[in-house]
Amino acid sequence: MKDLSQETIKKIKEKNIHPTTKWKFLVENFFIWISLAFLIIFGAVSLALAYYFLIQLDWDVLRFMHRTSLFFWLVPHIWLLLLVLFFILAFILFRRTKKGYRLEGIIVSSLIFLLFLLVGSAAHYFQADENINNIFSKRVPGYQLLTNNKERQWSQPEAGLLGGEITKVKEKNLNLKDFQGKDWQINYDQNTSIRPSVNLQPNEKIKVIGEKKNDKEFQADEIRPWEGKGMMRGKMKMGN
Amino acid sequence: MNTNKSLDNKTDSELIELAKKDPDIFGLIVARYQEKLYRYIQRISYFKKEDVEDILQEIFIKVYKNLYDYDDSLKFSSWIYRIARNQTIDEIRKKSRVSQILSLDEKDLGKLIKSSVNLEHEITRKDSFEKLRVAIQNLPQKYREVLVLRFLEEKDYEEIMDILKKPKGTVATLIKRGRKLLKKGLTTLTL
């Protein structure tokens with residue numbers, strides 16, 4: 001092969017090529033680490049918010065899964081999707097740091113998840129998750145549609161889950177205004193399980209598990225208080 | 001003369017520091033690495049001599065431009081091999097030269113034979129170097145390049161990790177699987 005040293009030097013001089021300044025590389029490197037720090041914070045907040053929503057939901061109604069869809073529970077949860085996205089981006093960016101390639105994928109993944117968990121726990125402890133959710137709910141159009149909050153979970157009459165506020169109580173049924181402002185007649189009988197802490201009084205918020213009969217009527221299998229499962233006052237009592 | 005001699009005794013890192021201020025000194029780096037990198041490019045690509053020389057010059061100019069990016073916590077040779085490998089892969093993609101013959105000489109093939117468990121006996125008994133050349137050529141790029149670095153360039157795992165920018169465990173797995181595939185490919189060709 002020919003000697004390239006003189007030829008290369010000649011080309012460098014002719015084209016007036018200079019080494020790129022140290023600062024450019026330092027800034028690039030700094031930008032990668034700063035972006036990584038932001039991704040860790042975003043990921044941690046997403047984790048905290050996903051957790052915030054998940055603990056809000058009534059998971060024991062999963063046994064009614066034949067009436068609802070698993071898709072509803074997992075996919076529209078924007079924070080879970082963002083959590084995965086931030087995790088992937090953080091992984092890729094970590095690999096792009098100077099020595100990031102040296103660690104095995106499983107170690108990098110664990111490290112990122114651990115950081116998400118630590119920062120996310122702090123965010124949850126200081127109620128940043130709740131505050132962020134409130135800000136998003138008020139200021140981001142369509143945000144509610146992208147999250148599975150409790151109201152949304154209990155606004156699925158087709159799937160057998162209906163929630164709202166009692167407006168009137170009769171002997172065999174009650175009237176309920178759902179979260180969209182629609183009025184329903186909720187029918188109950190001796191087979192309906194009414195949780196101990198449910199008082200069945202006007203203005204009381206409740207959750208009803210049952211079956212939609214038509215556009216206005218809903219047959220209740222179980223009535224629960226809005227907060228919790230309503231098991232606090234001893235055994236479950238039967239309806240009338 | 002004396003100056004050149006004293007420069008010849010300097011380490012790569014010392015030369016890099018001097019080359020940042022004086023491009024002529026960079027010529028010594030080029031002289032040190034041109035043959036090694038020329039062979040390396042030939043071993044991982046299908047380019048003709050003239051093409052390899054052009055690619056090599058591009059590599060050295062890239063190295064010169066990125067001198068301040070060199071981190072002396074890793075070997076300079078690993079860093080320059082990394083740039084050479086990336087540039088060569090870019091050129092392969094650009095020119096899509098996938099159907100040509102690899103430039104491995106018999107000495108290279110002999111080294112690869114020794115690298116594979118139980119292969120030496122089989123190859124000398126049954127096969128020709130040509131079969132080995134075909135078997136290597138049939139290997140996926142990721143296995144071929146790792147075998148070239150380990151057994152032809154004689155790099156250790158740490159260096160290969162820095163050249164390929166892959167964790168050590170992945171490098172070890174690639175070498176192990178590459179050797180297995182090479183042996184399997186050769187057996188298939190023999191049968």
# chains A, B, ... in the order shown; residues from 1 in each chain; ligands from 1
call {"tool": "interface_residues", "arguments": {"of": "chain B", "to": "chain A", "cutoff": "8 Å", "atoms": "only C-alpha atoms", "output": "list in words"}}
result
Lys20, Pro23, Asp24, Phe26, Gly27, Leu28, Val30, Ala31, Gln34, Glu35, Lys49, Glu53, Gln57, Phe60, Ile61, Tyr64, Lys65, Asn66, Leu67, Tyr68, Asp69, Met161, Asp162, Lys165, Lys166, Pro167, Lys168, Gly169 and Thr170 of chain B
call {"tool": "closest_residue", "arguments": {"among": "B:Thr88, B:Gln42, B:Ser73, B:Ser78", "to": "Ile55 of chain B", "atoms": "only C-alpha atoms"}}
result
B:Thr88
call {"tool": "select_by_dssp", "arguments": {"residues": "segment 11-227 of chain A", "states": "alpha helix (DSSP H)", "output": "MDAnalysis selection string"}}
result
chainID A and resid 11:14 22:56 70:74 78:95 105:125 128:139 143:146 150:153
call {"tool": "closest_residue", "arguments": {"among": "B:Tyr40, B:Tyr46, B:Phe151, B:Tyr143", "to": "Ile80 of chain B", "atoms": "only C-alpha atoms"}}
result
B:Tyr40
